[in-house]
Each structure stands twice: as structure tokens, then as C-alpha cells.
$ cat entry12.txt   # compact mmCIF, C-alpha atoms
# COMPACT_ATOMS: atom_id res chain seq x y z
CA MET A 412 158.84 20.64 28.96
CA LYS A 413 157.72 17.02 28.83
CA THR A 414 154.40 16.15 27.18
CA PHE A 415 152.45 13.03 28.09
CA THR A 416 149.26 11.48 26.75
CA GLU A 417 149.57 8.01 28.31
CA PRO A 418 148.76 7.81 32.05
CA LYS A 419 151.31 5.10 32.78
CA LYS A 420 154.12 7.10 31.17
CA LEU A 421 153.31 10.13 33.30
CA GLN A 422 153.12 7.95 36.39
CA LYS A 423 156.50 6.38 35.68
CA TRP A 424 158.14 9.78 35.06
CA CYS A 425 156.70 11.32 38.24
CA ALA A 426 157.71 8.31 40.34
CA ALA A 427 161.27 8.62 39.04
CA LYS A 428 161.33 12.35 39.87
CA ARG A 429 160.20 11.62 43.44
CA MET A 430 162.97 9.04 43.78
CA GLU A 431 165.42 11.76 42.73
CA GLY A 432 164.10 13.94 45.56
CA ARG A 433 162.32 16.39 43.29
CA LYS A 434 159.33 18.28 44.73
CA ILE A 435 156.31 17.77 42.46
CA ALA A 436 153.30 20.06 42.13
CA LEU A 437 150.13 19.15 40.24
CA VAL A 438 147.87 21.76 38.62
CA PRO A 439 144.68 20.04 37.40
CA THR A 440 142.78 21.96 34.68
CA MET A 441 140.22 21.42 31.95
CA GLY A 442 142.31 23.46 29.56
CA TYR A 443 141.58 26.56 27.50
CA LEU A 444 144.00 28.19 29.89
CA HIS A 445 143.69 31.80 31.02
CA GLU A 446 145.34 34.04 33.62
CA GLY A 447 143.56 32.23 36.43
CA HIS A 448 145.14 28.91 35.47
CA LEU A 449 148.53 30.52 34.97
CA SER A 450 148.31 31.96 38.50
CA LEU A 451 148.09 28.37 39.78
CA ILE A 452 151.34 27.52 38.00
CA GLU A 453 152.91 30.63 39.51
CA ALA A 454 151.68 29.62 42.98
CA ALA A 455 153.30 26.20 42.50
CA ARG A 456 156.57 27.84 41.47
CA LYS A 457 156.55 30.20 44.46
CA LYS A 458 155.95 27.28 46.80
CA GLY A 459 159.18 25.73 45.62
CA ALA A 460 158.10 23.00 43.21
CA ASP A 461 160.93 21.47 41.19
CA GLU A 462 158.49 19.85 38.76
CA ILE A 463 155.11 21.43 37.88
CA VAL A 464 152.74 19.01 36.16
CA VAL A 465 149.70 20.58 34.46
CA SER A 466 146.90 18.24 33.46
CA VAL A 467 144.60 19.34 30.64
CA PHE A 468 141.51 17.15 30.50
CA VAL A 469 137.86 17.97 29.86
CA ASN A 470 136.52 15.26 32.13
CA PRO A 471 133.31 13.77 30.68
CA VAL A 472 132.34 12.11 33.95
CA GLN A 473 131.68 15.44 35.68
CA PHE A 474 129.30 16.73 32.98
CA GLY A 475 125.58 16.03 33.05
CA PRO A 476 123.66 14.87 29.95
CA ASN A 477 122.38 18.39 29.18
CA GLU A 478 125.60 20.28 29.97
CA ASP A 479 128.25 21.73 27.71
CA TYR A 480 130.81 18.89 27.42
CA ASP A 481 130.81 18.82 23.60
CA LYS A 482 131.13 22.59 23.18
CA TYR A 483 133.43 23.24 26.14
CA PRO A 484 136.30 25.34 24.68
CA ARG A 485 139.50 23.49 23.84
CA ASP A 486 142.84 24.67 22.41
CA GLU A 487 145.66 22.24 23.17
CA LYS A 488 148.22 24.08 21.05
CA ALA A 489 147.66 27.36 22.91
CA ASP A 490 147.59 25.53 26.27
CA LEU A 491 150.95 23.94 25.51
CA ALA A 492 152.52 27.30 24.66
CA LYS A 493 151.09 28.97 27.77
CA CYS A 494 152.31 26.19 30.05
CA ARG A 495 155.78 26.34 28.58
CA LYS A 496 155.93 30.13 29.00
CA ALA A 497 154.60 29.94 32.57
CA GLY A 498 157.31 27.50 33.63
CA ALA A 499 155.49 24.17 33.79
CA THR A 500 157.86 21.22 33.41
CA ALA A 501 155.31 18.65 32.25
CA ILE A 502 151.88 18.71 30.66
CA PHE A 503 149.43 15.81 30.56
CA PHE A 504 146.88 15.52 27.73
CA PRO A 505 144.98 12.28 28.38
CA THR A 506 141.93 11.13 26.46
CA PRO A 507 138.66 9.84 27.92
CA GLN A 508 139.55 6.43 26.52
CA ASN A 509 142.84 6.13 28.39
CA MET A 510 141.53 7.71 31.60
CA TYR A 511 138.38 5.56 31.72
CA LEU A 512 139.06 2.08 30.42
CA ASP A 513 136.39 -0.24 29.04
CA ALA A 514 133.93 -1.36 31.74
CA HIS A 515 135.22 1.32 34.13
CA SER A 516 133.13 0.86 37.30
CA VAL A 517 134.93 2.48 40.26
CA TYR A 518 134.15 6.05 41.32
CA VAL A 519 134.95 8.28 44.29
CA ASN A 520 131.94 9.87 45.95
CA GLU A 521 131.88 12.48 48.73
CA GLU A 522 128.51 12.41 50.47
CA THR A 523 128.20 15.46 52.74
CA LEU A 524 129.88 18.59 51.36
CA SER A 525 128.58 17.82 47.88
CA ALA A 526 124.93 17.61 48.93
CA GLY A 527 124.07 21.28 48.43
CA LEU A 528 125.00 24.25 46.24
CA CYS A 529 126.33 23.07 42.85
CA GLY A 530 126.15 19.44 43.98
CA ALA A 531 122.38 19.66 44.39
CA ARG A 532 121.95 21.21 40.97
CA ARG A 533 124.44 19.08 39.05
CA PRO A 534 123.84 15.45 40.12
CA GLY A 535 126.96 13.34 39.77
CA HIS A 536 129.21 16.33 39.11
CA PHE A 537 131.37 15.99 42.20
CA ARG A 538 131.53 12.22 41.85
CA GLY A 539 133.19 12.91 38.51
CA VAL A 540 135.46 15.57 40.00
CA CYS A 541 136.60 13.41 42.91
CA THR A 542 137.17 10.42 40.66
CA VAL A 543 139.35 12.23 38.14
CA VAL A 544 141.29 14.15 40.79
CA ALA A 545 141.99 10.95 42.72
CA LYS A 546 143.26 9.38 39.51
CA LEU A 547 145.49 12.38 38.82
CA PHE A 548 146.90 12.19 42.35
CA ASN A 549 147.78 8.54 41.78
CA LEU A 550 149.38 9.30 38.43
CA ALA A 551 151.41 12.40 39.31
CA HIS A 552 152.52 11.51 42.85
CA PRO A 553 152.48 15.22 43.79
CA HIS A 554 153.75 16.66 47.05
CA PHE A 555 151.06 19.29 46.66
CA ALA A 556 148.27 20.21 44.24
CA VAL A 557 147.06 23.72 43.44
CA PHE A 558 143.40 24.63 42.95
CA GLY A 559 141.65 27.97 42.53
CA GLN A 560 139.30 29.54 45.07
CA LYS A 561 136.75 30.26 42.33
CA ASP A 562 135.59 26.64 42.62
CA PHE A 563 135.05 27.00 46.37
CA GLN A 564 132.83 23.97 46.90
CA GLN A 565 135.10 21.84 44.73
CA GLU A 566 138.29 22.62 46.60
CA THR A 567 136.51 22.12 49.95
CA ILE A 568 135.38 18.67 48.79
CA ILE A 569 138.84 17.79 47.51
CA ARG A 570 140.42 18.77 50.82
CA ARG A 571 137.93 16.45 52.56
CA MET A 572 138.73 13.65 50.11
CA VAL A 573 142.45 14.05 50.77
CA ARG A 574 141.82 13.91 54.52
CA ASP A 575 139.40 10.99 54.50
CA LEU A 576 141.28 8.83 51.98
CA ASN A 577 144.73 9.57 53.47
CA PHE A 578 146.29 11.01 50.33
CA ASP A 579 149.84 12.02 51.19
CA LEU A 580 149.81 15.51 49.74
CA GLU A 581 148.93 19.11 50.54
CA ILE A 582 146.14 21.09 48.90
CA VAL A 583 147.04 24.70 48.06
CA VAL A 584 144.24 27.14 47.23
CA ALA A 585 145.15 30.17 45.11
CA PRO A 586 143.07 33.38 45.08
CA ILE A 587 140.50 34.17 42.40
CA VAL A 588 141.92 36.01 39.41
CA ARG A 589 139.52 38.56 37.99
CA GLU A 590 139.11 40.49 34.77
CA PRO A 591 139.47 44.30 35.05
CA SER A 592 135.69 44.50 35.42
CA GLY A 593 135.79 42.23 38.47
CA LEU A 594 134.36 39.20 36.66
CA ALA A 595 136.06 36.00 37.83
CA ARG A 596 138.24 34.49 35.11
CA SER A 597 136.67 31.38 33.60
CA SER A 598 136.99 29.44 30.37
CA ARG A 599 133.21 29.79 30.05
CA ASN A 600 133.54 33.59 29.86
CA THR A 601 134.23 33.04 26.16
CA TYR A 602 130.54 32.21 25.78
CA LEU A 603 129.52 35.71 26.94
CA SER A 604 128.68 38.63 24.68
CA ALA A 605 129.96 42.10 25.58
CA ASP A 606 126.57 42.96 27.05
CA GLU A 607 126.47 39.77 29.09
CA LYS A 608 129.97 40.43 30.44
CA SER A 609 128.84 43.87 31.51
CA ARG A 610 125.79 42.48 33.29
CA ALA A 611 127.86 39.73 34.94
CA ARG A 612 129.80 42.37 36.87
CA ALA A 613 126.91 42.30 39.36
CA LEU A 614 128.33 39.08 40.85
CA SER A 615 131.63 40.51 42.02
CA GLN A 616 130.04 43.86 42.90
CA SER A 617 127.62 42.08 45.24
CA LEU A 618 130.43 40.12 46.87
CA PHE A 619 132.71 43.12 47.35
CA ALA A 620 129.84 45.12 48.86
CA ALA A 621 129.15 42.29 51.31
CA GLN A 622 132.79 42.18 52.36
CA ALA A 623 132.75 45.93 52.97
CA ASP A 624 129.53 45.73 54.97
CA VAL A 625 130.82 42.90 57.16
CA LYS A 626 134.03 44.80 57.76
CA ALA A 627 132.09 47.90 58.78
CA LYS A 628 129.38 46.21 60.86
CA LYS A 629 131.24 43.05 62.00
CA THR A 630 128.13 40.84 61.66
CA VAL A 631 125.13 41.19 59.33
CA PRO A 632 121.83 39.19 59.40
CA TRP A 633 121.87 36.93 56.34
CA LYS A 634 118.27 36.49 55.19
CA ALA A 635 117.63 40.18 54.53
CA TYR A 636 121.06 40.55 52.96
CA GLN A 637 120.47 37.52 50.75
CA ALA A 638 117.30 39.14 49.36
CA LYS A 639 119.28 42.32 48.69
CA ILE A 640 121.85 40.41 46.62
CA VAL A 641 119.19 38.49 44.69
CA LYS A 642 117.45 41.76 43.84
CA LYS A 643 120.72 43.27 42.54
CA LEU A 644 121.51 40.22 40.41
CA GLU A 645 118.02 40.07 38.93
CA ALA A 646 118.12 43.80 38.22
CA ALA A 647 121.21 43.10 36.09
CA GLY A 648 119.22 40.61 34.04
CA LEU A 649 120.78 37.51 35.61
CA LYS A 650 118.79 34.39 36.46
CA VAL A 651 119.73 33.40 40.00
CA ASP A 652 120.49 29.72 40.60
CA TYR A 653 121.53 30.21 44.21
CA VAL A 654 122.87 32.82 46.63
CA GLU A 655 124.07 31.16 49.84
CA ALA A 656 126.16 32.04 52.87
CA VAL A 657 127.98 29.09 54.41
CA ASP A 658 130.63 28.20 56.93
CA GLY A 659 133.94 28.32 55.07
CA GLU A 660 134.98 24.86 56.28
CA THR A 661 131.79 22.79 56.58
CA LEU A 662 129.65 24.52 53.91
CA GLU A 663 126.79 24.52 56.42
CA PRO A 664 124.33 27.44 56.01
CA VAL A 665 124.73 30.33 58.45
CA LYS A 666 122.32 32.90 59.82
CA ARG A 667 124.70 35.85 59.97
CA LEU A 668 127.48 37.21 57.81
CA GLU A 669 130.70 37.53 59.77
CA LYS A 670 134.41 36.90 59.39
CA GLY A 671 135.13 33.46 57.95
CA VAL A 672 131.75 33.04 56.27
CA ALA A 673 131.72 32.46 52.51
CA ILE A 674 129.08 33.76 50.12
CA LEU A 675 128.67 31.51 47.07
CA LEU A 676 126.77 32.64 43.98
CA ALA A 677 125.58 30.83 40.88
CA VAL A 678 123.64 32.54 38.10
CA TYR A 679 122.74 32.16 34.47
CA CYS A 680 123.89 35.00 32.27
CA GLY A 681 122.05 34.27 29.06
CA LYS A 682 122.68 30.54 28.60
CA THR A 683 125.98 30.54 30.49
CA ARG A 684 126.17 29.43 34.11
CA LEU A 685 128.62 31.48 36.16
CA ILE A 686 129.83 30.97 39.73
CA ASP A 687 131.68 33.27 42.10
CA ASN A 688 132.39 33.56 45.79
CA ALA A 689 134.09 35.58 48.48
CA VAL A 690 135.13 34.90 52.05
CA MET A 691 134.10 37.61 54.48
$ encode --input "entry12.txt" --output "C-alpha cells"
Amino acid sequence: MKTFTEPKKLQKWCAAKRMEGRKIALVPTMGYLHEGHLSLIEAARKKGADEIVVSVFVNPVQFGPNEDYDKYPRDEKADLAKCRKAGATAIFFPTPQNMYLDAHSVYVNEETLSAGLCGARRPGHFRGVCTVVAKLFNLAHPHFAVFGQKDFQQETIIRRMVRDLNFDLEIVVAPIVREPSGLARSSRNTYLSADEKSRARALSQSLFAAQADVKAKKTVPWKAYQAKIVKKLEAAGLKVDYVEAVDGETLEPVKRLEKGVAILLAVYCGKTRLIDNAVM
């Protein structure tokens, strides 16, 4: 497995692989890899990638001034071992200094899909996400890139960016990987105590119940159901940031739960912000 820290060296290697006719997949991550990340590598392998490039970069541009950039978990040695075992062929460990040069002044900003949900609560977050992902696309020259469904708004925005900026690649979305309790896998789960993990099960339980109800009743009025979910989350001791039902493509709010609608949740469990979602 090749290891790169310099963007230009990765770019040169990937360009050469494309010239050889190799099919390249990109798996962008912020590191501290877990089973969810490894499932993205597996999805890339199953889709027939000859080269699987995993980027490991805690991107400072997508963190707000009061967020957890400094304490975000990092373990490059473990990430390297996990990537090698999972079958990645290259891993990219850039630094903020070589990803954002002195006097860096160009950013990529999506203006519609990022307006609500996490975008409304984390100003500048998706500008940072789009900017770093666009840079990674330019460096890795991938035929396709794999993202996880857990970051539903993010992957929807990235698909729009790819469409609107004419990136010549496919976006692949892999299913959410969950802990045995149902909690969505996340690097931030390491912040949670055993009690907090137990209480956080209310997120997935609420989503699974909604899926079952939609399947049984076909359509369900949203406002009353939204209040039901909020009540369940608060009863578990979670501070609700938002509970929204949106169109799975446009992220526009809907009035009824039905097939194709996505429920997106964000809560604080103690000091840790958790997100989850499910498509009905």
C-alpha cells in the first residue's frame, strides 16, 4: 500500500494509474477509522476498483470556532493498519499546511441544500466540506467516490456539487453501519460514556419505528409524528437539535411520511452531537 503526505505526489500517482487504465475509487475520511469507514472500502472493492485511495484528514475548514477540531480523535498508525487490512491500495495523510497554502482564498460553496438542517446550525461547515472534497477529487482523479449514508445532507450536497461543477465521477453511497445496539457508527461515539451510549439508542429506535409505521400505513402525517419522536428522544435524556422529514433528493420539508422521505435527526447526548437518519 502506498502512503502519501504531499498532494502533488498523490496527484501524479493517480494520474499515472488512470493512464494505465486502472479504475480508481476515493474514500474520503477524517480518520479514526471504524467499521463504517471500512464498509466504504469494501463497497469500493465490490464495485470493481483497481486502486482504492483512502484520504485521512481532519479538515479544519469545516469546523466552527467552538467545535471539537482540536480534540477530534486521531490515530494514524491504527488507520494505516486498518486500511492495509481492508485492501486499500493508497492512503493520503495531508496536513492543513499542504492542503491550504498561505493566503488560501478560494472556497466551494453550495447555496441551497446546505441552508437548513446541519448547515443552518453549523455556519460554514458545508463550505469547508465542499472545498476539501473538491480538492480531493482533483488530486485523486477517481472514477467514483464512496460516502456513507450517515452524513445524509453531506452526500446530497456533494452529489449536487458533482452535477453542477461537472466533475467526471460517480458518487456511491454506502448504507449506515450500526453498533449492535443500533447506534450509528461514528468516530465521535468514543466521547460517549456507557450510559450515554445506552440513551443514544433512542435515535435508531425512533427511525426504525417510523419505517415500520410507514410500511404499515403507507403515509403518515408528519407534524404529529415529529412531536412523538421529539418526546421519545427527550425522555431518553437527549437534547434535540432537530428532527426533520425531508424529500430524499431536494431536502425540502414534507408534510407526510411516505416512501422516499428521509427523517434526519440531530441531538446532543451529554456534550456530544450525534446525527442519524433513515429513508422511509
$ closest_residue --input "entry12.txt" --among "A:Lys413, A:Arg433, A:Arg599, A:Arg667" --to "Pro553 of chain A" --atoms "all atoms listed in the file"
A:Arg433
$ residues_around --input "entry12.txt" --residues "Glu590 of chain A" --least-positions-apart "6" --cutoff "12 Å" --atoms "all atoms listed in the file" --output "list in words"
His445, Glu446, Gly447, Arg596, Ser597, Asn600, Lys608, Ser609, Ala611, Arg612 and Ser615 of chain A
$ closest_residue --input "entry12.txt" --among "A:Ala426, A:Val438, A:Ile463, A:Ile502" --to "Thr414 of chain A" --atoms "all atoms listed in the file"
A:Ile502
$ closest_residue --input "entry12.txt" --among "A:Val641, A:Pro439, A:Leu614, A:Arg574" --to "Val544 of chain A" --atoms "only C-alpha atoms"
A:Pro439
$ closest_residue --input "entry12.txt" --among "A:Lys419, A:His554, A:Lys634, A:Lys629" --to "Lys670 of chain A" --atoms "all atoms listed in the file"
A:Lys629
$ residues_around --input "entry12.txt" --residues "Lys457 of chain A" --least-positions-apart "3" --cutoff "12 Å" --atoms "all atoms listed in the file" --output "list in words"
Ala436, Ser450, Leu451, Ile452, Glu453, Ala454, Ala460, Asp461, Glu462, Ile463, Gly498, Val557, Val583 and Ala585 of chain A
$ residues_around --input "entry12.txt" --residues "Ile640 of chain A" --least-positions-apart "5" --cutoff "10 Å" --atoms "all atoms listed in the file" --output "ChimeraX atom specification"
/A:613-614,616-618,620-621,635,645-646,651,654,676
$ closest_residue --input "entry12.txt" --among "A:Pro586, A:Ala501, A:Leu668, A:Val625" --to "Trp424 of chain A" --atoms "all atoms listed in the file"
A:Ala501
$ residues_around --input "entry12.txt" --residues "Cys529 of chain A" --least-positions-apart "2" --cutoff "12 Å" --atoms "all atoms listed in the file" --output "ChimeraX atom specification"
/A:473,524-527,531-537,562-565,568,652-655,662,675-678,684-687
